[in-house]
Amino acid sequence: MNKEWQPRLVAFFCNWCTYTAADLAGVSRLKYAPNVRVIRVMCSGRVDPQFILDALAKGADGVLVGGCHPGDCHYVEGNYKMLRRYHLLKRMLKDMGIEEQRVRLEWISAAEGHKVRQVVNEMTEQLRALGPLGLPQKFEEWDREVERLAADVHAREAADAAAACAGRTSAEEVTHA
Amino acid sequence: MKEIQRTIKYEADRVPGFGREVMSVPGCEKLKDCIQCGTCSGVCPLSIYMDHSPRQVMALVREDFKREVLSSCTIWLCASCYACTVECPQQIRITDIMYELKQRAIQEGFYPKRFPIPVLAQEFNRMVHDHGRISEGRLVTKLFLKTKPLEAAGMAGLGMRLMKTGRFSLKQENIRDRGDLARIMEAMDAPASGGNGKD
Amino acid sequence: MKYGYFPGCSLKGTGRAYEESLLPVLRHLGVELVELEDWNCCGATAYMAVDEGKACALAARNLALAERGGFQQLMAPCSACYLVLNKTQHYLDESPAMRRKVEGALGTVSLKLSRQTPVRHPLDVLLHDVGVEAIRQKVTRPLSGLRVAPYYGCQVVRPYATFDDQANPTSMDQLLKALGAEVVDWPLKTKCCGGSLTGTLPVAGLRLAYLLLKEAKKRGADAIATVCPLCQFNLDAYHDKIAARWEPVRLPTVYFTQLMGLAFGMPAHTLGLQRGFVPLELPAPTAA
Amino acid sequence: MPKPKVAFYWCASCGGCEETVVDLAEDILGVVEKVDIVLWPVAMDFKYKDVEAMEDGSIFATLINGAIRTSEQEHLAQLLRRKSRYLIAYGACAQMGGIPALANQFPREQVLRFNYEEAPSVDNPSKTRPQTVVEDNGRRPRLPAFRNVVRTLDQVVDVDYFIPGCPPTPNLTKAAFDALLSGNLPPKGSVIAPDVALCHECPRKASKPTDVAFTQFTRPHLTLADPGKCFLAQGLVCMGPATRSGCQAACINGNMPCTGCFGPTSRVRDHGAKMLSSLSANVAARDEQGIRQILDGIPDPVGTFYRYGMARSILRRRVDLGVNGNGH
Amino acid sequence: MANGNGNNRTSPERRPRIGFYVCHCGVNIAGTVDCAEVARYVGTLPGVVLSRDYKYMCSDPGQELIQKDIAEYKLERVVVASCSPLLHEHTFRTAVEKGGLNPFFFHMVNIREHNSWVHTDRAEATAKARDLARAAIERVARHKPLETKRVPIKPVTLIVGGGIAGIHAALTLANAGKQVILVEREPTIGGHMAKFDKTFPTLDCAACILTPKMSAVGAHPNIRLLTYSEVVKVDGFVGNYKVTIRRKPRYIDEEKCVGCQDCISACVFKQPKFTDEFNEGLGKRKPVYIPFPQATPQVVAIDSNVCLNFRNGPDGSRVVSDKCKKTCVEACGDRNAIDFTQKERFEEIEVGTIIVATGFQAFDAKRLPAYGYGRYPNVFTALEVERMVNASGPTGGHVVLRDGKTEPKTVGIIHCVGSRDKKTNRWCSRVCCMYSMKLAHLIKEHTHAEVYNFYIDIRTPGKGYEEFYNQLLDEGVHFVRGRVGEVTDWAITPEEEGKLVIRVEDTLAGVVRRIPVDMVVLATGLEPRSDAQEVRRLFNMSCGSEGFFLERHPKLAPVSTFNDGVYIAGACQGPKDIPDTVAQAGAAAAEALSLIDKGYVEQEPNTAFVLEDECSGCKSCIPLCPYSAIQFDDARGKAVINEALCKGCGTCVGSCPSGSIVQNLFDDEEIFSEIEGVLAYE
């Protein structure tokens, strides 16, 4: 990647309200940030917190969940289920060091194409200000100590063997990573 | 009989970009939404004296007729009563646009020398700048001397009676921290952080 | 109830009577006003016409002084001051660039704008903080028989005031009724008085003042009650000129606070009533 | 035919898993009879050198318990992997990080500082900390490096099977041995335990209503749980619905709610997220404030839902912690 | 690799053969997205054996291309990147099915509404299209063959609202032999149109064309008319709705009342003295009344709020007092139609389709105080004047001032009151130009007054409309182009004394004018009914930002809603005149008819099912289902989903703590693969 870093936003939109609103935004030719990738689900109630975690782990910088306004759910109250999950999930994420603004739940009705634009733009800018979450890179980085060890052990074994022959201790120190 | 004048407008009479410039000033953006319904003129208490009705001013600005707009007496007749701004169905802040046009007219010297309204504005500002407060007596006296020295005498009667009722004084009021005020104004003049904040 | 008090230049000059009546009346109602230290001119409409940036900074200095003085609210009795201070707050809220610039300028003299200080008009405070009932209870000399045309003028309700209806305000009507006066209903409550045009373009400006006086008279008013020093001046000071140009329409124009003071039993001269050109005559009190 | 060689090894763990092996009681004799134990540091004295000397792949099966936190554990895991035909992650720590993985919420430096300086039981005025290399009368003994991240065994080396539990039950252990020795093996990567959640075998299952809607949550030390009633129905967080069965509801029978040591079923990627999802969706309130109030009854969602599974979870570790331990 | 939870199903054993198509949609997509590049890129992805870009995928040749390719390249899965699946998913599924594949071996990628139409940077948009396509490729590989369910349709249609839209739709369906239940809130059908005198531009008498249709509704054997009733609850889904209707007590047995109106004459109130809603308050009626002579049904109603036989009960509701002499009951005699014991009743009906035709409400002119309605008596609303010019109206067809006798000599009609105004309603109400001109004509005809029309723009886009405008110009009606600033009784000149003065800029002449008139008529705009939001929720529809019900597609599905089987007609969808309303009502009836005649609906197979062996019976899912589709099977100790009841929201799936519920079309692996797909770029 030699291009400038761009925030990546994964959005789960419910079929009836928010996905339709995004369609409306399209029909109305409202322009917004191209950083969002929408995944359609039938209802925000379908959004399993695993999806949100997985998206973050796979490289999303933020996740947006869009559902119908309270009282307007096509499935009566799937959105309330999501709202409840959202609260606990946000607390959990906070404890796991993920910034508040990276995960957001918004109620966007089928008529609110402009709100899709506003929320996507707003979130994209917030993510840009926060900088990359970069979990895949982090996982790699964290695991580098294991790879290094394998190499270190190897080197030390060789050095020890040599030192044993020469009758002196190894000068090499394993630094705290 | 009235003198006849050319009324047709050629493209050369326009100053392209003028409208866009005005509409880029915060508060003036919605001018582009004008539907020429005339509500502004309909509610304007001064519209009966205007050479161009407020509605026409909106149209002239939008179409870049800078000279017509800035030399129009309409912008100086606006008494800032905000009736147009409140009633406009497109929520255009017409009063603020009038302010913007007044500023431009003053900057570009588009008004007759002894025309009292801009003179009042400038005298007013000079006094505030120097002293921090307005002394109405001094201000009015200055204004009359500058614009209609001949009429000033005629106003003396009113002045006398005001003085008698304790409402007229030539004493200059001053604020304590004039230096502070000057510094604030100076900082506003500094172009550093975004000029006059209009961009 | 304590408010910062921003008198404005007029209340120290042509509008002295407004201050002279406002202060004792509010004190009588338990409202404490503390004059803002070293306030400066709000800039009025003239300044806006020259440089809105400076106009903002000028008004903002007063807001910053209010903040420094620890006032939670600021009272501005002059309509122009009330409008300009409110407008400045709106302006700063809507334009972050302007806010940065103004805050920077204020910063050079160690002033800051870190919070909103609501700017209130006395009508608003009297109606919503004090309450009509509390006012009614203070009335000792009801203004029975006095027919008053309430005149709000333009800038107190337009475009920012939220305390009353913009097209048909009624707050002063309620006050006047509480004082025992008879309120003249007229459709000119918020029409322009001519503003500063009375001085600069008398043809245009004075005509508006003339029409207001004429209509109030026609509808049987004994007096016009105003809330703004410029309105009061325009309706009071030019009777000779109006008579010369059109017809005599003599009618006293007083501040609503003067009427309150009278109804509270305060002597007329302590309320600045002697400063008006057209004297107010109260009908003889009827035995209740 | 020579008996298959078997090795046991422990990493970051409490020793409970080793206990389970011993707890096989008389069954252990059957196992010992059938196998040749070549390494079992907790019970018998073997030298690593002996292991190193073995031919690659010559150990039939190695059971490693404990999470991986030090360089030595990584080293041994790699060594044993090389020497063994089947490498088995034994117990919750090896499978999911277990209790030690809760340390993934904190920077390494904080863990060390607390343990060597700040813990109330520590008296260490000179603030001595273990070093990887020390000078001791001319000798330079080396100590393992303490890692930034607590890992599961399979995050370090390739693992063939997982036996869950904190600790695994003797039954599961025996079943695993039986499978290994009989060659009747599930697909590689399997968790050797039933793939149904604990409610399936919970003695309190019938007492759970079908219309549970949480109005408040409480915690085991704040209440006296009704021993006959579903914990969730009493507002106690029980991980049973999200956790594999196979423990025969041991904790439940001791009147303690399930804390999730058997990990999720095969259909779930993130144990905690799933439980969180289920639990919160069933909260009774509809307004934000009411929802917040009820869910605030779970003061530590990470500790509650990831008690054993932090290292295995999708996020693995507090994400703002960098490799140098203190975050960015 | 295994993930330590024993999950080793992350990738399918063998990649199926996937065909990919990216649509240019003319320049709609290709203008912003480099379609050839997307096709090239997707062609490099594992499993993709064919990748094409094509001008119009939804065209016949486009669909045939898919079918041909399936055969030729032995495709097992198909992905099309084009517009929104809400538009063409069905089209392509059908094409895939015709090609011999299961229709659900297909996935659609939205690169128009969600991409080319909302982004401007070609590189970014192309990258986004690649990401979305890759996700679909990942996903479609995991698709399973599914079957759509067919559910029979109840051949009964509920029509809500008895205005001209509801009436026309009801007759259309009933004449086709279908059963209709028509629910109307008021005691009679007829709606706004019944209040009109003439209709523009032809000046047909409204009653002459409407009342025969009203009677036809009342008499039609296929129509069940429930007046004075409201829908309070709607359950079920397309083909099988269960609707609860509240039947308000009218204290008259509709079966027994013959409409003789003897009770009205016999009422203890000798004179009518209560506000007559039908006449916009200009007339009076008695407590027992019939709204207007041609009301349908021809059944009186008793207004318990004013009838002497009622008093206020402890909870504020009206209860029978039995204090009245009940001369009405006496007059009714043997017919016994009056029943003071009537209570509110609830009735449940089952219908297959629903047409919502709840109409509009007129803008409340008091919201624009500058025009003085409510302050100056001689400021009228258009509907008031409409009643006045009506021969059967409160003034017997005389246009008079509020004093009830003076004819106006000058009348000003102000257009766009509560229309084209951001402070009230920003939209054009579409009918007020025309009805203002109609009223101008009628006022002139009735009074010979000078009539001024004050307008912003004259809008006459309809058959014969511009001609009508020309006719009005001929008749000498004044047209002043300018939005009125204010209406006042402030007279400045002698001729203004005692009049209402309209201050307006005549924008064409370029002067500000003050025009004194005797009467001001406010052409109030059309707005959504105040309870539109509740009605919308009831029927699971959407509203546009202005509050009118939202159609499924503004051009291609103008009477459909996002809720299958629910249609909208008339002004509840947006302001419209009578011809358009009737056309739309016919269209809605045709949509309902086509469903009924088809006999069944196909249901998206996105239902959820429980993995029987894996379910632990924890019961967590059971309370989550709003349709009670999940039951606990006590014998087996597992949860079971009744597929017929499941609507496919997937909430239980997202909440199952052991991952033992699967949603067809949206299973976990499908979604995980989509997540991975959108993020897995180089």
# chains A, B, ... in the order shown; residues from 1 in each chain; ligands from 1
>>> interface_residues(of="chain B", to="chain E", cutoff="10 Å", atoms="only C-alpha atoms", output="list in words")
Ile35, Gln36, Cys37, Gly38, Thr39, Cys40, Ser41, Gly42, Val43, Cys44, Ser47, Ile48, Tyr49, Met50, Asp51, His52, Ser53, Pro54, Arg55, Gln56, Ala83, Cys84, Val86, Glu87, Cys88, Pro89, Gln90 and Gln91 of chain B
>>> residues_around(residues="range 44-53 of chain A", least_positions_apart="5", cutoff="6 Å", atoms="only C-alpha atoms", output="ChimeraX atom specification")
/A:14,67,78-79,81-82 /D:273 /E:650-651,654
>>> atom_distance(atom1="CA of Arg15 in chain E", atom2="CA of Arg134 in chain E")
14.0 Å
>>> closest_atom_pairs(of="chain E", to="chain C", cutoff="12 Å", atoms="only C-alpha atoms", output="JSON lines")
{"residue": "E:Lys366", "atom": "CA", "partner": "C:Ala167", "partner_atom": "CA", "distance": 11.6}
{"residue": "E:Arg367", "atom": "CA", "partner": "C:Ala167", "partner_atom": "CA", "distance": 10.5}
{"residue": "E:Leu368", "atom": "CA", "partner": "C:Ala167", "partner_atom": "CA", "distance": 8.7}
{"residue": "E:Pro369", "atom": "CA", "partner": "C:Ala167", "partner_atom": "CA", "distance": 6.3}
{"residue": "E:Ala370", "atom": "CA", "partner": "C:Ala167", "partner_atom": "CA", "distance": 6.5}
{"residue": "E:Tyr371", "atom": "CA", "partner": "C:Ala167", "partner_atom": "CA", "distance": 10.1}
{"residue": "E:Gly372", "atom": "CA", "partner": "C:Pro187", "partner_atom": "CA", "distance": 9.8}
{"residue": "E:Arg375", "atom": "CA", "partner": "C:Pro187", "partner_atom": "CA", "distance": 10.2}
{"residue": "E:Tyr376", "atom": "CA", "partner": "C:Pro187", "partner_atom": "CA", "distance": 10.8}
{"residue": "E:Gly485", "atom": "CA", "partner": "C:Ala167", "partner_atom": "CA", "distance": 11.7}
{"residue": "E:Glu486", "atom": "CA", "partner": "C:Ala167", "partner_atom": "CA", "distance": 10.2}
{"residue": "E:Val487", "atom": "CA", "partner": "C:Pro187", "partner_atom": "CA", "distance": 9.7}
{"residue": "E:Thr488", "atom": "CA", "partner": "C:Pro187", "partner_atom": "CA", "distance": 6.8}
{"residue": "E:Asp489", "atom": "CA", "partner": "C:Pro187", "partner_atom": "CA", "distance": 7.4}
{"residue": "E:Trp490", "atom": "CA", "partner": "C:Pro187", "partner_atom": "CA", "distance": 6.7}
{"residue": "E:Ala491", "atom": "CA", "partner": "C:Glu215", "partner_atom": "CA", "distance": 8.4}
{"residue": "E:Ile492", "atom": "CA", "partner": "C:Leu211", "partner_atom": "CA", "distance": 7.8}
{"residue": "E:Thr493", "atom": "CA", "partner": "C:Leu211", "partner_atom": "CA", "distance": 11.0}
{"residue": "E:Glu497", "atom": "CA", "partner": "C:Lys218", "partner_atom": "CA", "distance": 11.6}
{"residue": "E:Leu500", "atom": "CA", "partner": "C:Pro187", "partner_atom": "CA", "distance": 11.7}
{"residue": "E:Val501", "atom": "CA", "partner": "C:Pro187", "partner_atom": "CA", "distance": 11.6}
>>> residues_around(residues="Tyr86 in chain D", least_positions_apart="5", cutoff="10 Å", atoms="only C-alpha atoms", output="NGL selection string")
:D and (6 or 57 or 59-63 or 80-81 or 158-161 or 180 or 188)
>>> write_last_selection(atoms="C-alpha atoms", output="tab-separated table (two decimals), in the first residue's frame")
chain	number	residue	atom	x	y	z
D	6	VAL	CA	3.30	-40.28	25.76
D	57	GLY	CA	7.80	-37.64	15.66
D	59	ILE	CA	6.37	-39.43	20.75
D	60	PHE	CA	2.93	-40.73	19.96
D	61	ALA	CA	1.02	-38.04	21.82
D	62	THR	CA	1.89	-35.05	23.95
D	63	LEU	CA	-0.65	-33.32	26.17
D	80	LEU	CA	7.41	-31.16	21.66
D	81	ARG	CA	5.53	-30.42	18.51
D	158	ASP	CA	0.07	-26.56	15.23
D	159	VAL	CA	-2.32	-28.49	17.47
D	160	ASP	CA	-4.16	-31.68	16.59
D	161	TYR	CA	-6.86	-31.86	19.24
D	180	LEU	CA	-6.09	-41.95	20.63
D	188	LYS	CA	-8.00	-32.86	13.09
